[in-house]
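Note: the block below is final-v9.tsv and it holds TSV, C-alpha atoms.
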chain	number	residue	atom	x	y	z
A	1	MET	CA	0.00	0.00	0.00
A	2	LYS	CA	2.90	2.30	0.84
A	3	ASN	CA	4.34	1.67	-2.60
A	4	PHE	CA	1.02	2.48	-4.21
A	5	TRP	CA	0.90	5.92	-2.57
A	6	ALA	CA	4.56	6.56	-3.39
A	7	THR	CA	3.89	5.66	-7.02
A	8	LEU	CA	0.86	7.92	-7.10
A	9	LEU	CA	2.91	10.76	-5.65
A	10	VAL	CA	5.60	10.30	-8.30
A	11	LEU	CA	3.01	10.27	-11.10
A	12	VAL	CA	1.16	13.33	-9.79
A	13	THR	CA	4.47	15.20	-9.37
A	14	ALA	CA	5.53	14.31	-12.91
A	15	ALA	CA	2.17	15.45	-14.30
A	16	GLY	CA	2.37	18.68	-12.29
A	17	LEU	CA	5.86	19.50	-13.51
A	18	SER	CA	4.85	18.75	-17.08
A	19	PHE	CA	1.76	20.92	-16.70
A	20	GLY	CA	3.82	23.83	-15.34
A	21	ALA	CA	6.48	23.59	-18.04
A	22	PHE	CA	3.97	23.54	-20.90
A	23	TYR	CA	1.86	26.25	-19.30
A	24	VAL	CA	4.87	28.57	-19.19
A	25	LEU	CA	5.89	27.65	-22.74
A	26	ASN	CA	2.42	28.46	-24.11
A	27	ASP	CA	1.73	31.51	-21.99
A	28	ALA	CA	1.99	35.09	-23.32
A	29	PRO	CA	2.41	37.22	-20.19
A	30	ALA	CA	2.94	40.48	-22.10
A	31	VAL	CA	-0.32	39.97	-24.01
A	32	ARG	CA	-2.18	39.14	-20.82
A	33	GLN	CA	-0.71	42.14	-19.01
A	34	ALA	CA	-1.73	44.49	-21.83
A	35	ALA	CA	-5.21	42.99	-21.83
A	36	HIS	CA	-5.43	43.29	-18.06
A	37	ASP	CA	-4.38	46.96	-18.27
A	38	GLY	CA	-6.78	47.55	-21.17
A	39	ASP	CA	-3.90	49.04	-23.18
A	40	ALA	CA	-4.60	48.27	-26.83
A	41	MET	CA	-1.32	49.76	-28.09
A	42	ALA	CA	0.70	47.69	-25.64
A	43	TRP	CA	-1.28	44.68	-26.80
A	44	LEU	CA	-0.45	45.42	-30.44
A	45	ARG	CA	3.21	45.70	-29.57
A	46	ALA	CA	3.32	42.44	-27.62
A	47	GLU	CA	0.95	40.41	-29.77
A	48	PHE	CA	2.58	41.21	-33.10
A	49	HIS	CA	6.19	41.47	-31.91
A	50	LEU	CA	6.60	45.10	-33.00
A	51	ASP	CA	10.01	46.69	-32.61
A	52	ASP	CA	10.32	50.41	-31.83
A	53	ALA	CA	10.35	51.48	-35.49
A	54	HIS	CA	7.26	49.46	-36.40
A	55	PHE	CA	5.47	50.53	-33.25
A	56	ASP	CA	6.14	54.25	-33.81
A	57	ARG	CA	4.88	54.09	-37.40
A	58	ILE	CA	1.73	52.26	-36.35
A	59	ARG	CA	1.08	54.63	-33.48
A	60	ARG	CA	1.36	57.61	-35.83
A	61	LEU	CA	-1.07	55.90	-38.19
A	62	HIS	CA	-3.50	55.40	-35.31
A	63	ASP	CA	-3.15	59.03	-34.26
A	64	ASP	CA	-3.88	60.16	-37.82
A	65	TYR	CA	-6.84	57.84	-38.05
A	66	ALA	CA	-8.24	59.16	-34.78
A	67	VAL	CA	-8.88	62.48	-36.57
A	68	VAL	CA	-10.72	60.72	-39.41
A	69	CYS	CA	-12.64	58.58	-36.94
A	70	THR	CA	-13.72	61.63	-34.95
A	71	ARG	CA	-14.97	63.27	-38.14
A	72	HIS	CA	-17.01	60.19	-39.02
A	73	CYS	CA	-18.30	60.00	-35.49
A	74	ARG	CA	-19.44	63.63	-35.55
A	75	ALA	CA	-21.21	63.15	-38.87
A	76	ILE	CA	-23.05	60.07	-37.62
A	77	MET	CA	-24.02	61.75	-34.35
A	78	LEU	CA	-25.33	64.86	-36.11
A	79	ALA	CA	-27.34	62.72	-38.50
A	80	ARG	CA	-28.86	60.83	-35.59
A	81	GLN	CA	-29.61	64.02	-33.67
A	82	ARG	CA	-31.49	65.59	-36.55
A	83	HIS	CA	-33.32	62.31	-37.17
A	84	ALA	CA	-31.90	61.91	-40.66
A	85	PRO	CA	-33.40	59.21	-42.88
A	86	PRO	CA	-32.12	55.71	-42.04
A	87	GLU	CA	-30.55	55.43	-45.51
A	88	GLU	CA	-28.40	58.47	-44.83
A	89	ILE	CA	-27.24	57.11	-41.45
A	90	ALA	CA	-26.56	53.71	-43.01
A	91	ALA	CA	-24.50	55.38	-45.74
A	92	LEU	CA	-22.45	57.27	-43.13
A	93	GLU	CA	-21.91	54.04	-41.20
A	94	ARG	CA	-20.79	52.30	-44.38
A	95	VAL	CA	-18.22	55.03	-44.94
A	96	CYS	CA	-17.07	54.52	-41.34
A	97	VAL	CA	-16.68	50.76	-41.79
A	98	GLU	CA	-14.83	51.18	-45.09
A	99	ALA	CA	-12.46	53.73	-43.57
A	100	MET	CA	-11.90	51.49	-40.56
A	101	THR	CA	-11.11	48.37	-42.60
A	102	ASP	CA	-8.86	50.43	-44.86
A	103	HIS	CA	-7.05	51.68	-41.76
A	104	PHE	CA	-6.62	48.11	-40.49
A	105	ARG	CA	-5.14	47.07	-43.83
A	106	ARG	CA	-2.67	49.96	-43.73
A	107	VAL	CA	-1.67	49.00	-40.17
A	108	ALA	CA	-1.21	45.39	-41.32
A	109	ALA	CA	1.02	46.56	-44.16
A	110	LEU	CA	3.32	48.27	-41.64
A	111	MET	CA	3.73	45.11	-39.56
A	112	PRO	CA	6.63	42.66	-39.81
A	113	ALA	CA	6.32	39.87	-42.35
A	114	GLY	CA	3.68	37.33	-41.38
A	115	GLN	CA	2.20	39.43	-38.60
A	116	GLY	CA	0.01	41.58	-40.84
A	117	ASP	CA	-2.11	38.65	-41.98
A	118	ARG	CA	-2.48	37.48	-38.40
A	119	TYR	CA	-3.51	40.99	-37.34
A	120	LEU	CA	-6.18	41.17	-40.04
A	121	ALA	CA	-7.42	37.69	-39.12
A	122	ILE	CA	-7.94	38.92	-35.56
A	123	VAL	CA	-9.41	42.39	-36.11
A	124	LEU	CA	-11.50	42.15	-39.29
A	125	PRO	CA	-13.98	39.52	-38.02
A	126	ARG	CA	-14.57	41.70	-35.00
A	127	VAL	CA	-15.68	44.64	-37.14
A	128	ALA	CA	-18.58	42.66	-38.53
A	129	ASP	CA	-19.11	40.90	-35.21
A	130	TYR	CA	-19.62	44.09	-33.25
A	131	ASP	CA	-22.37	43.77	-30.66
A	132	HIS	CA	-22.85	47.43	-29.57
A	133	ARG	CA	-21.90	46.93	-25.94
A	134	GLY	CA	-20.11	50.11	-25.01
A	135	THR	CA	-18.20	53.18	-25.99
A	136	PRO	CA	-14.53	52.45	-25.39
A	137	ASN	CA	-11.69	54.94	-25.67
A	138	ILE	CA	-8.46	54.56	-27.62
A	139	GLN	CA	-6.87	52.64	-24.74
A	140	GLY	CA	-9.45	49.93	-25.26
A	141	GLN	CA	-11.28	50.61	-22.04
A	142	PRO	CA	-15.09	50.68	-22.30
B	143	MET	CA	-17.14	-41.98	-28.86
B	144	THR	CA	-14.68	-44.87	-29.38
B	145	PRO	CA	-13.44	-46.84	-26.36
B	146	PRO	CA	-9.66	-46.67	-25.78
B	147	ASP	CA	-7.65	-49.45	-27.24
B	148	SER	CA	-6.71	-51.79	-24.37
B	149	SER	CA	-3.19	-52.40	-25.72
B	150	ASP	CA	-2.51	-48.61	-25.93
B	151	SER	CA	-3.88	-48.17	-22.42
B	152	ARG	CA	-1.59	-50.90	-21.08
B	153	SER	CA	1.39	-49.35	-22.87
B	154	LEU	CA	0.65	-45.91	-21.35
B	155	SER	CA	0.29	-47.39	-17.88
B	156	ARG	CA	3.61	-49.16	-18.24
B	157	SER	CA	5.32	-45.97	-19.43
B	158	LEU	CA	3.91	-44.02	-16.51
B	159	ALA	CA	4.95	-46.75	-14.06
B	160	ASP	CA	8.52	-46.73	-15.43
B	161	TRP	CA	8.77	-42.90	-15.46
B	162	ARG	CA	11.19	-41.54	-12.89
B	163	VAL	CA	12.00	-37.90	-12.33
B	164	THR	CA	15.58	-37.30	-11.31
B	165	PRO	CA	16.02	-33.54	-10.81
B	166	PRO	CA	19.57	-32.23	-10.38
B	167	ARG	CA	20.43	-31.67	-6.78
B	168	ASP	CA	20.44	-28.03	-5.71
B	169	PRO	CA	22.12	-27.56	-2.35
B	170	HIS	CA	20.76	-23.98	-2.12
B	171	PHE	CA	17.16	-24.86	-2.93
B	172	ARG	CA	15.90	-24.73	0.63
B	173	THR	CA	17.81	-21.50	1.38
B	174	ALA	CA	16.43	-19.88	-1.77
B	175	VAL	CA	12.88	-20.81	-0.86
B	176	TRP	CA	13.23	-19.36	2.63
B	177	SER	CA	14.83	-16.17	1.38
B	178	ARG	CA	11.97	-15.66	-1.08
B	179	LEU	CA	9.45	-16.23	1.67
B	180	GLU	CA	11.24	-13.69	3.85
B	181	ALA	CA	11.37	-11.16	1.02
B	182	ALA	CA	7.66	-11.54	0.41
B	183	ARG	CA	6.92	-11.12	4.11
B	184	ARG	CA	8.74	-7.82	4.71
B	185	PRO	CA	7.73	-4.65	2.73
B	186	SER	CA	10.08	-3.96	-0.20
B	187	SER	CA	11.50	-0.50	-0.87
B	188	TRP	CA	9.95	1.71	-3.55
B	189	PRO	CA	12.96	1.48	-5.89
B	190	ALA	CA	12.72	-2.30	-5.68
B	191	PHE	CA	8.99	-2.06	-6.32
B	192	ALA	CA	9.62	0.22	-9.28
B	193	ARG	CA	12.20	-2.16	-10.72
B	194	ALA	CA	9.79	-5.04	-10.34
B	195	HIS	CA	7.04	-3.12	-12.17
B	196	ARG	CA	9.23	-1.25	-14.59
B	197	PRO	CA	7.06	-1.60	-17.76
B	198	ALA	CA	3.83	-0.58	-16.06
B	199	LEU	CA	5.50	2.27	-14.21
B	200	THR	CA	7.18	3.55	-17.38
B	201	GLY	CA	3.84	3.57	-19.16
B	202	ALA	CA	2.09	5.33	-16.31
B	203	LEU	CA	4.87	7.92	-16.09
B	204	ALA	CA	4.71	8.59	-19.82
B	205	ALA	CA	0.93	8.96	-19.62
B	206	ALA	CA	1.24	11.36	-16.66
B	207	LEU	CA	3.77	13.50	-18.55
B	208	VAL	CA	1.67	13.61	-21.71
B	209	ILE	CA	-1.55	14.42	-19.83
B	210	GLY	CA	0.21	17.12	-17.81
B	211	ALA	CA	1.75	18.66	-20.92
B	212	TRP	CA	-1.51	18.64	-22.82
B	213	ALA	CA	-3.46	20.13	-19.91
B	214	GLY	CA	-0.83	22.84	-19.33
B	215	ARG	CA	-0.78	23.80	-22.99
B	216	GLU	CA	-4.56	23.93	-23.28
B	217	ARG	CA	-4.97	25.89	-20.05
B	218	ALA	CA	-2.40	28.52	-21.06
B	219	ARG	CA	-3.82	28.87	-24.55
B	220	ALA	CA	-7.38	29.15	-23.33
B	221	ARG	CA	-6.39	31.88	-20.89
B	222	VAL	CA	-4.41	33.85	-23.50
B	223	ASP	CA	-7.18	33.42	-26.09
B	224	HIS	CA	-9.74	34.74	-23.63
B	225	GLU	CA	-7.63	37.81	-22.79
B	226	ARG	CA	-6.81	38.37	-26.47
B	227	ASP	CA	-10.45	38.24	-27.47
B	228	GLY	CA	-11.36	40.92	-24.94
B	229	ILE	CA	-8.58	43.37	-25.83
B	230	ALA	CA	-8.99	42.82	-29.60
B	231	ARG	CA	-12.71	43.52	-29.36
B	232	ALA	CA	-12.07	46.67	-27.32
B	233	TYR	CA	-9.36	47.76	-29.78
B	234	VAL	CA	-11.67	47.47	-32.77
B	235	GLN	CA	-14.48	49.26	-30.96
B	236	SER	CA	-12.10	52.07	-30.04
B	237	LEU	CA	-11.68	52.81	-33.75
B	238	ASP	CA	-15.34	52.43	-34.65
B	239	ALA	CA	-16.94	55.83	-35.22
B	240	ARG	CA	-20.40	54.28	-35.00
B	241	VAL	CA	-20.04	53.87	-31.24
B	242	MET	CA	-17.83	56.81	-30.30
B	243	GLN	CA	-19.26	59.62	-28.19
B	244	LEU	CA	-17.87	63.11	-28.55
B	245	PRO	CA	-17.85	65.45	-25.58
Starting from the file, lay out its structure as structure tokens.
Amino acid sequence: MKNFWATLLVLVTAAGLSFGAFYVLNDAPAVRQAAHDGDAMAWLRAEFHLDDAHFDRIRRLHDDYAVVCTRHCRAIMLARQRHAPPEEIAALERVCVEAMTDHFRRVAALMPAGQGDRYLAIVLPRVADYDHRGTPNIQGQP
Amino acid sequence: MTPPDSSDSRSLSRSLADWRVTPPRDPHFRTAVWSRLEAARRPSSWPAFARAHRPALTGALAAALVIGAWAGRERARARVDHERDGIARAYVQSLDARVMQLP
């Protein structure tokens, strides 16, 4: 009986060590930290392995797009406030979506080889999948 | 069913009657038997137990390592995927003029 428990202990220890090693190997602490902090730019940097040069170019692109995005936002809000026809609001929203996807493609083009496609595969489905749950800021915090 | 041939039966009985087993003498036989009885009576150490059950133990150890590795990998990936999904969704929404609110 003593040998049975000793064997069980050895097996459980081996499984635990294996679990820990593969957990660490498959973990992405920088991505999790950025997500925990709600810092979308830090997430981009960690997730897509951006060096300083890539990161600066992408941040500038985001800053430039923020101006465009604000303009689209104002146009949509004004249309809603004056109870514009639904077709007009839909057209403005279409312009917004087109500008947004175009922006994502330009960001992807600035990324290191192989990362751009992965970036688009992550962000583009979420444009169509949007479920209107909040009004986040540029840091990704709702 | 056919009855056994009486001549064959007599021949077998004679062979069995003449059969003698003459095992080689082993002066350590009795000692070996007692030492095995003693070994079985007292608890063996775990290394001895492991050596005695080496194939089963090796298999169980391999299974434990594989299960641990698979579980660790899946757990880490699930956690990262969950965090990634949340921040990616928030990132996309942050650039979506349809949901922005101006001051």
Up to 7 Å from chain B, what residues of chain A turn up? Count only C-alpha atoms and give them as a short mmCIF file (atom, residue, chain, number, x, y, z; two decimals) with C-alpha atoms, in the coordinates of the input.
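Okay, out.cif is ready:
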data_model
loop_
_atom_site.label_atom_id
_atom_site.label_comp_id
_atom_site.auth_asym_id
_atom_site.auth_seq_id
_atom_site.Cartn_x
_atom_site.Cartn_y
_atom_site.Cartn_z
CA ASN A 3 4.34 1.67 -2.60
CA LEU A 11 3.01 10.27 -11.10
CA ALA A 14 5.53 14.31 -12.91
CA ALA A 15 2.17 15.45 -14.30
CA GLY A 16 2.37 18.68 -12.29
CA SER A 18 4.85 18.75 -17.08
CA PHE A 19 1.76 20.92 -16.70
CA GLY A 20 3.82 23.83 -15.34
CA PHE A 22 3.97 23.54 -20.90
CA TYR A 23 1.86 26.25 -19.30
CA ASN A 26 2.42 28.46 -24.11
CA ASP A 27 1.73 31.51 -21.99
CA ALA A 28 1.99 35.09 -23.32
CA ARG A 32 -2.18 39.14 -20.82
CA ALA A 35 -5.21 42.99 -21.83
CA GLY A 38 -6.78 47.55 -21.17
CA ALA A 40 -4.60 48.27 -26.83
CA CYS A 69 -12.64 58.58 -36.94
CA THR A 70 -13.72 61.63 -34.95
CA HIS A 72 -17.01 60.19 -39.02
CA CYS A 73 -18.30 60.00 -35.49
CA ILE A 76 -23.05 60.07 -37.62
CA GLU A 93 -21.91 54.04 -41.20
CA CYS A 96 -17.07 54.52 -41.34
CA MET A 100 -11.90 51.49 -40.56
CA VAL A 123 -9.41 42.39 -36.11
CA ARG A 126 -14.57 41.70 -35.00
CA VAL A 127 -15.68 44.64 -37.14
CA THR A 135 -18.20 53.18 -25.99
CA PRO A 136 -14.53 52.45 -25.39
CA ASN A 137 -11.69 54.94 -25.67
CA ILE A 138 -8.46 54.56 -27.62
CA GLY A 140 -9.45 49.93 -25.26
CA GLN A 141 -11.28 50.61 -22.04
#
What box, with edges along x, y and z, holds each listed atom of region 215-225 of chain B when 3 Å is added on every side, and can you state its centre and edge lengths in Å to one decimal, as AutoDock Vina command-line options?
--center_x -5.3 --center_y 30.8 --center_z -23.1 --size_x 15.0 --size_y 20.0 --size_z 12.0
Go ahead and compute the interatomic distance for CA of Ala53 (chain A) and CA of Asp102 (chain A), in Å to one decimal.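 Computing the Euclidean distance for CA of Ala53 (chain A) and CA of Asp102 (chain A) yields 21.4 Å.
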As a check of understanding: the span from CA of Leu110 (chain A) to CA of Ile58 (chain A) is 6.8 Å
Which value, in Å to one decimal, gives the distance between CA of Trp161 (chain B) and CA of Val175 (chain B)?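 Taking CA of Trp161 (chain B) as the start and CA of Val175 (chain B) as the end point, the length is 26.8 Å.
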Residue contacts of Met41 (chain A) (8 Å, only C-alpha atoms) excluding same-chain residues fewer than 2 positions away, as a VMD selection string: chain A and resid 39 43 to 45 59 139
